[in-house]
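data-v2.cif (mmCIF, C-alpha atoms)
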```cif
data_coords
loop_
_atom_site.group_PDB
_atom_site.id
_atom_site.type_symbol
_atom_site.label_atom_id
_atom_site.label_comp_id
_atom_site.auth_asym_id
_atom_site.auth_seq_id
_atom_site.Cartn_x
_atom_site.Cartn_y
_atom_site.Cartn_z
ATOM 1 C CA THR A 1 -36.334 49.788 -3.455
ATOM 2 C CA ILE A 2 -36.721 46.048 -2.932
ATOM 3 C CA PHE A 3 -35.491 44.502 0.312
ATOM 4 C CA TYR A 4 -35.365 40.805 1.195
ATOM 5 C CA SER A 5 -34.600 39.513 4.668
ATOM 6 C CA ALA A 6 -34.417 36.207 6.496
ATOM 7 C CA GLY A 7 -33.552 35.109 10.016
ATOM 8 C CA PHE A 8 -33.951 32.508 12.694
ATOM 9 C CA ASN A 9 -34.306 32.141 16.458
ATOM 10 C CA TYR A 10 -32.271 29.721 18.530
ATOM 11 C CA ILE A 11 -33.248 29.130 22.143
ATOM 12 C CA MET A 12 -30.172 28.335 24.232
ATOM 13 C CA GLN A 13 -30.754 25.775 26.975
ATOM 14 C CA PRO A 14 -28.563 25.037 30.015
ATOM 15 C CA LEU A 15 -26.290 22.042 29.518
ATOM 16 C CA PRO A 16 -26.973 19.031 31.736
ATOM 17 C CA LYS A 17 -24.889 19.074 34.913
ATOM 18 C CA GLU A 18 -23.159 15.815 33.955
ATOM 19 C CA LYS A 19 -22.014 17.266 30.611
ATOM 20 C CA VAL A 20 -20.714 20.445 32.258
ATOM 21 C CA GLU A 21 -18.679 18.376 34.733
ATOM 22 C CA ARG A 22 -17.365 16.132 31.945
ATOM 23 C CA ASN A 23 -16.253 19.180 29.922
ATOM 24 C CA ALA A 24 -14.547 20.666 32.987
ATOM 25 C CA ARG A 25 -12.582 17.440 33.561
ATOM 26 C CA SER A 26 -11.534 17.070 29.919
ATOM 27 C CA GLY A 27 -7.995 18.359 30.571
ATOM 28 C CA TYR A 28 -8.233 20.989 27.821
ATOM 29 C CA VAL A 29 -7.314 24.510 28.889
ATOM 30 C CA PHE A 30 -9.606 27.477 28.184
ATOM 31 C CA PRO A 31 -8.050 30.559 29.830
ATOM 32 C CA LYS A 32 -10.574 32.262 32.087
ATOM 33 C CA HIS A 33 -8.877 35.683 31.934
ATOM 34 C CA ILE A 34 -6.506 37.109 29.300
ATOM 35 C CA ILE A 35 -4.606 40.398 29.420
ATOM 36 C CA GLN A 36 -2.945 41.524 26.164
ATOM 37 C CA ALA A 37 -0.696 44.357 25.036
ATOM 38 C CA ALA A 38 -0.433 44.960 21.295
ATOM 39 C CA TYR A 39 1.528 46.936 18.724
ATOM 40 C CA THR A 40 0.186 47.723 15.243
ATOM 41 C CA THR A 41 2.331 48.621 12.232
ATOM 42 C CA ASN A 42 1.907 49.003 8.494
ATOM 43 C CA GLY A 43 5.560 48.068 8.034
ATOM 44 C CA LEU A 44 4.457 44.888 6.266
ATOM 45 C CA GLY A 45 1.792 46.682 4.241
ATOM 46 C CA TYR A 46 -1.932 46.004 3.977
ATOM 47 C CA GLY A 47 -1.730 42.799 1.963
ATOM 48 C CA VAL A 48 -3.522 40.642 4.536
ATOM 49 C CA ASN A 49 -6.300 43.230 4.899
ATOM 50 C CA ASN A 50 -6.780 43.402 1.126
ATOM 51 C CA LEU A 51 -6.702 39.615 0.756
ATOM 52 C CA VAL A 52 -9.529 38.974 3.216
ATOM 53 C CA SER A 53 -11.600 42.033 2.237
ATOM 54 C CA LYS A 54 -11.214 42.226 -1.546
ATOM 55 C CA ASP A 55 -10.328 38.675 -2.616
ATOM 56 C CA LEU A 56 -11.900 36.368 -0.027
ATOM 57 C CA HIS A 57 -14.691 38.709 1.149
ATOM 58 C CA ILE A 58 -14.626 37.393 4.716
ATOM 59 C CA PHE A 59 -13.668 40.681 6.397
ATOM 60 C CA TRP A 60 -13.820 44.448 5.839
ATOM 61 C CA GLY A 61 -11.349 46.991 4.521
ATOM 62 C CA GLY A 62 -11.495 50.743 5.076
ATOM 63 C CA ALA A 63 -10.940 54.054 3.289
ATOM 64 C CA ALA A 64 -8.848 55.428 6.167
ATOM 65 C CA GLN A 65 -5.732 53.421 7.012
ATOM 66 C CA VAL A 66 -3.787 53.248 10.253
ATOM 67 C CA LYS A 67 0.006 53.553 10.198
ATOM 68 C CA ARG A 68 0.698 52.375 13.741
ATOM 69 C CA GLY A 69 -0.895 52.032 17.138
ATOM 70 C CA PHE A 70 -0.882 50.541 20.612
ATOM 71 C CA SER A 71 -3.658 48.774 22.464
ATOM 72 C CA PHE A 72 -4.454 47.007 25.722
ATOM 73 C CA ASN A 73 -7.154 44.361 25.985
ATOM 74 C CA TYR A 74 -8.832 42.209 28.596
ATOM 75 C CA GLN A 75 -10.885 39.122 27.764
ATOM 76 C CA ARG A 76 -12.908 36.817 29.986
ATOM 77 C CA ASN A 77 -14.227 33.398 29.040
ATOM 78 C CA LEU A 78 -18.021 33.166 29.099
ATOM 79 C CA PHE A 79 -18.614 29.723 27.595
ATOM 80 C CA HIS A 80 -16.695 26.848 26.060
ATOM 81 C CA THR A 81 -17.337 23.405 24.675
ATOM 82 C CA ARG A 82 -15.239 20.388 25.576
ATOM 83 C CA LYS A 83 -12.333 21.009 23.185
ATOM 84 C CA VAL A 84 -12.697 23.476 20.279
ATOM 85 C CA PHE A 85 -15.061 26.438 20.664
ATOM 86 C CA SER A 86 -15.062 29.217 23.234
ATOM 87 C CA LEU A 87 -16.861 32.535 23.594
ATOM 88 C CA ASP A 88 -15.148 35.390 25.423
ATOM 89 C CA GLY A 89 -16.223 38.907 26.281
ATOM 90 C CA GLY A 90 -13.580 41.596 25.874
ATOM 91 C CA ALA A 91 -12.802 45.254 26.450
ATOM 92 C CA GLY A 92 -9.984 47.339 25.043
ATOM 93 C CA ILE A 93 -8.490 50.781 24.633
ATOM 94 C CA SER A 94 -6.300 51.728 21.677
ATOM 95 C CA TYR A 95 -4.248 54.650 20.359
ATOM 96 C CA TRP A 96 -3.845 55.063 16.592
ATOM 97 C CA LYS A 97 -1.989 57.229 14.064
ATOM 98 C CA SER A 98 -3.240 57.396 10.469
ATOM 99 C CA ARG A 99 -1.149 56.654 7.384
ATOM 100 C CA LEU A 100 -1.477 59.835 5.289
ATOM 101 C CA ASN A 101 -1.800 62.787 7.689
ATOM 102 C CA SER A 102 -0.643 61.171 10.936
ATOM 103 C CA ASP A 103 -4.003 61.991 12.519
ATOM 104 C CA GLU A 104 -4.034 60.780 16.118
ATOM 105 C CA PHE A 105 -7.134 59.223 17.646
ATOM 106 C CA TYR A 106 -8.132 56.572 20.152
ATOM 107 C CA THR A 107 -10.859 53.985 20.523
ATOM 108 C CA ILE A 108 -12.567 52.296 23.465
ATOM 109 C CA SER A 109 -14.533 49.139 22.784
ATOM 110 C CA ILE A 110 -16.299 46.119 24.207
ATOM 111 C CA TYR A 111 -16.632 43.055 22.029
ATOM 112 C CA PRO A 112 -17.337 39.310 21.709
ATOM 113 C CA VAL A 113 -14.560 36.891 20.720
ATOM 114 C CA PHE A 114 -15.378 33.621 18.971
ATOM 115 C CA ARG A 115 -12.314 31.391 19.347
ATOM 116 C CA PHE A 116 -11.735 28.037 17.645
ATOM 117 C CA THR A 117 -8.818 26.010 19.038
ATOM 118 C CA LEU A 118 -7.813 23.991 15.990
ATOM 119 C CA LEU A 119 -4.694 22.188 17.226
ATOM 120 C CA ARG A 120 -3.690 21.144 20.732
ATOM 121 C CA SER A 121 -0.474 19.703 22.130
ATOM 122 C CA ASN A 122 1.123 19.362 25.547
ATOM 123 C CA THR A 123 2.779 22.789 25.356
ATOM 124 C CA VAL A 124 0.999 24.765 22.578
ATOM 125 C CA ASP A 125 -2.632 25.315 21.602
ATOM 126 C CA PHE A 126 -3.193 26.976 18.192
ATOM 127 C CA TYR A 127 -6.389 28.959 17.540
ATOM 128 C CA PHE A 128 -8.271 31.161 15.094
ATOM 129 C CA ASN A 129 -10.501 33.929 16.436
ATOM 130 C CA TYR A 130 -13.086 36.279 14.984
ATOM 131 C CA SER A 131 -14.833 39.244 16.564
ATOM 132 C CA PHE A 132 -17.487 41.462 15.016
ATOM 133 C CA ALA A 133 -19.901 44.256 15.910
ATOM 134 C CA GLY A 134 -18.197 45.233 19.151
ATOM 135 C CA PRO A 135 -19.654 48.629 20.194
ATOM 136 C CA ALA A 136 -16.890 51.234 20.260
ATOM 137 C CA PHE A 137 -16.167 54.927 20.781
ATOM 138 C CA ILE A 138 -13.818 56.618 18.309
ATOM 139 C CA SER A 139 -12.385 59.984 19.324
ATOM 140 C CA LYS A 140 -12.060 61.460 15.792
ATOM 141 C CA THR A 141 -14.421 61.063 12.853
ATOM 142 C CA ILE A 142 -12.447 62.814 10.081
ATOM 143 C CA ILE A 143 -9.341 60.685 9.486
ATOM 144 C CA ASP A 144 -7.032 61.451 6.553
ATOM 145 C CA LYS A 145 -9.873 63.667 5.226
ATOM 146 C CA LYS A 146 -12.225 60.667 5.193
ATOM 147 C CA ASP A 147 -15.551 61.069 7.006
ATOM 148 C CA THR A 148 -16.017 57.899 9.071
ATOM 149 C CA GLY A 149 -19.397 58.954 10.483
ATOM 150 C CA LYS A 150 -20.130 59.509 14.163
ATOM 151 C CA LYS A 151 -18.150 58.777 17.310
ATOM 152 C CA PHE A 152 -20.158 55.595 17.855
ATOM 153 C CA THR A 153 -18.787 52.795 15.736
ATOM 154 C CA PHE A 154 -18.131 49.036 15.755
ATOM 155 C CA GLN A 155 -14.875 47.123 16.147
ATOM 156 C CA ASP A 156 -14.148 43.911 14.229
ATOM 157 C CA PHE A 157 -11.018 41.778 14.178
ATOM 158 C CA MET A 158 -9.767 38.371 13.127
ATOM 159 C CA GLY A 159 -6.522 36.613 13.904
ATOM 160 C CA ILE A 160 -4.501 33.545 14.743
ATOM 161 C CA GLY A 161 -2.571 32.818 17.906
ATOM 162 C CA VAL A 162 -1.252 30.347 20.430
ATOM 163 C CA PHE A 163 -1.442 29.657 24.126
ATOM 164 C CA ALA A 164 1.908 28.231 25.189
ATOM 165 C CA GLY A 165 3.546 26.720 28.239
ATOM 166 C CA MET A 166 2.645 23.796 30.480
ATOM 167 C CA LYS A 167 -0.300 25.780 31.886
ATOM 168 C CA LYS A 168 -1.061 27.472 28.532
ATOM 169 C CA ASN A 169 -0.803 30.856 30.237
ATOM 170 C CA LEU A 170 1.424 32.619 27.681
ATOM 171 C CA ASN A 171 -0.313 34.126 24.657
ATOM 172 C CA VAL A 172 0.942 35.368 21.275
ATOM 173 C CA GLU A 173 -1.456 36.548 18.573
ATOM 174 C CA ILE A 174 -1.442 38.249 15.165
ATOM 175 C CA ARG A 175 -4.605 39.989 13.990
ATOM 176 C CA ILE A 176 -6.061 42.615 11.703
ATOM 177 C CA ALA A 177 -8.958 44.891 12.626
ATOM 178 C CA HIS A 178 -11.531 47.281 11.264
ATOM 179 C CA TYR A 179 -13.778 50.052 12.532
ATOM 180 C CA SER A 180 -16.990 51.190 10.883
ATOM 181 C CA ASN A 181 -20.546 52.029 11.889
ATOM 182 C CA GLY A 182 -22.236 49.385 9.757
ATOM 183 C CA ASN A 183 -24.076 52.067 7.740
ATOM 184 C CA ILE A 184 -26.250 53.117 10.660
ATOM 185 C CA PHE A 185 -25.084 56.660 9.811
ATOM 186 C CA PRO A 186 -24.962 58.216 6.291
ATOM 187 C CA GLN A 187 -21.150 58.459 6.310
ATOM 188 C CA ASN A 188 -19.289 55.185 6.829
ATOM 189 C CA ASN A 189 -15.728 55.272 5.504
ATOM 190 C CA GLY A 190 -14.234 52.447 7.546
ATOM 191 C CA VAL A 191 -10.855 52.438 9.285
ATOM 192 C CA MET A 192 -8.393 49.713 8.263
ATOM 193 C CA ILE A 193 -6.077 48.393 10.990
ATOM 194 C CA PRO A 194 -3.054 46.493 9.591
ATOM 195 C CA LEU A 195 -1.147 43.658 11.237
ATOM 196 C CA THR A 196 -1.259 43.831 15.027
ATOM 197 C CA PHE A 197 1.126 41.792 17.185
ATOM 198 C CA CYS A 198 -0.202 40.872 20.628
ATOM 199 C CA VAL A 199 1.456 39.341 23.665
ATOM 200 C CA GLY A 200 -0.638 38.256 26.601
ATOM 201 C CA TYR A 201 -0.926 36.332 29.824
#
```
Output the file's structure as structure tokens, nothing else.
Amino acid sequence: TIFYSAGFNYIMQPLPKEKVERNARSGYVFPKHIIQAAYTTNGLGYGVNNLVSKDLHIFWGGAAQVKRGFSFNYQRNLFHTRKVFSLDGGAGISYWKSRLNSDEFYTISIYPVFRFTLLRSNTVDFYFNYSFAGPAFISKTIIDKKDTGKKFTFQDFMGIGVFAGMKKNLNVEIRIAHYSNGNIFPQNNGVMIPLTFCVGY
């Protein structure tokens, strides 16, 4: 076996007080707290999942597929730049039903959210977000006869959304998600989560 690896260290430094105050007065809204409720369905298929996992290779698929589900999430802003980038910390609980055997299971997770606000206007801010390697608990490991490993796993998701309203306090988001253990256990058949529709405040 031949293994190659590379890496880097980046030492984060506090921003100067003047820059922090200038960012805070910029007029751009970065919600400090977000509460979301979400519904997942495979009614529109798994085309988006397959596009980003098999064609573009920017996300992950999964041998076990979810048919539908519900989830509740809370996110809190930890850091943001003046206009575009923000880092949130999140926590969520979800209920799922699998596609083939209607296996029921739930997940509890904590996760980072990297959000890029790409377009801003007076009433709508449009963003893309990406979350990976969020530690999670999964209540069932055999899903549709696929062995997904242990009850410790990781949650990943990516999506697009908007903050709307004069105070940007209304949130709508569409995302896909994935659960797998990152091969830290011998069995790692991932779980594919199709389109999820979120509303938040």
_Excluding region 149-166 of chain A and its own-chain neighbours fewer than 2 positions away, which residues fall within 8 Å of it when counting all atoms listed in the file? Please give them as a PyMOL selection string._
chain A and resi 109+111+122-142+147+168-182+185-189
*Take CA of Ile143 (chain A) and CA of Gly190 (chain A) and report the distance between them in Å, one decimal.*
9.8 Å
*So what do you get for CA of His80 (chain A) versus CA of Thr196 (chain A), distance-wise?*
25.5 Å
*Interatomic distance, CA of Pro112 (chain A) to CA of Glu18 (chain A) (Å, one decimal)*: 27.1 Å
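With all atoms listed in the file as the atoms that count, the minimum distance from Leu100 (chain A) to the choices A:Ile58, A:Gly27, A:Asn50, A:Ala64 is reached by A:Ala64.
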*Point out the residue among A:Ala63, A:Ala91, A:Met12, A:Leu78 with the least atom-to-atom distance to Ile35 (chain A), counting only C-alpha atoms.*
A:Ala91
*Could you pull the residues within 8 Å of Arg82 (chain A), counting all atoms listed in the file, minus those fewer than 6 positions along the same chain, as a ChimeraX atom specification?*
/A:22-24,26,28
*Residue nearest Val84 (chain A) among A:Arg120, A:Arg68, A:Lys54, A:Lys97 (counting all atoms listed in the file)*: A:Arg120
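In this comparison, which uses only C-alpha atoms, the residue of A:Gly7, A:Gly47, A:Gly62, A:Pro14 approaching Lys146 (chain A) most closely is A:Gly62.
Of the residues under consideration (A:Ile193, A:Val199, A:Ala37, A:Ile110), A:Ile193 shows the shortest atom-to-atom contact distance to Ser98 (chain A) when counting all atoms listed in the file.
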_My list of candidates is A:Gly200, A:Leu118, A:Ala6, A:Lys67. Which is closest to Leu44 (chain A) when distances are computed with all atoms listed in the file?_
A:Lys67
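For the file shown, the residue list from the PyMOL selection byres ((chain A and resi 95) around 6) reads Gly69, Phe70, Ser94, Trp96 and Tyr106 of chain A.
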_as a PyMOL selection string, please: the residues near Thr81 (chain A) (cut-off 12 Å, all atoms listed in the file, same-chain neighbours under 5 positions excluded)._
chain A and resi 15+19-26+28-30+86-87+114-117
Suppose a student applies the PyMOL selection byres ((chain A and resi 72-77) around 6) to this structure; what residues should they get, written as a PDB file with C-alpha atoms, keeping the file's coordinate frame?
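What landed in expr_35.pdb:
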```
ATOM      1  CA  LYS A  32     -10.574  32.262  32.087  1.00  0.00           C
ATOM      2  CA  HIS A  33      -8.877  35.683  31.934  1.00  0.00           C
ATOM      3  CA  ILE A  34      -6.506  37.109  29.300  1.00  0.00           C
ATOM      4  CA  ILE A  35      -4.606  40.398  29.420  1.00  0.00           C
ATOM      5  CA  GLN A  36      -2.945  41.524  26.164  1.00  0.00           C
ATOM      6  CA  ALA A  37      -0.696  44.357  25.036  1.00  0.00           C
ATOM      7  CA  SER A  71      -3.658  48.774  22.464  1.00  0.00           C
ATOM      8  CA  LEU A  78     -18.021  33.166  29.099  1.00  0.00           C
ATOM      9  CA  PHE A  79     -18.614  29.723  27.595  1.00  0.00           C
ATOM     10  CA  ASP A  88     -15.148  35.390  25.423  1.00  0.00           C
ATOM     11  CA  GLY A  89     -16.223  38.907  26.281  1.00  0.00           C
ATOM     12  CA  GLY A  90     -13.580  41.596  25.874  1.00  0.00           C
ATOM     13  CA  ALA A  91     -12.802  45.254  26.450  1.00  0.00           C
ATOM     14  CA  GLY A  92      -9.984  47.339  25.043  1.00  0.00           C
ATOM     15  CA  ILE A  93      -8.490  50.781  24.633  1.00  0.00           C
TER      16      ILE A  93
END
```
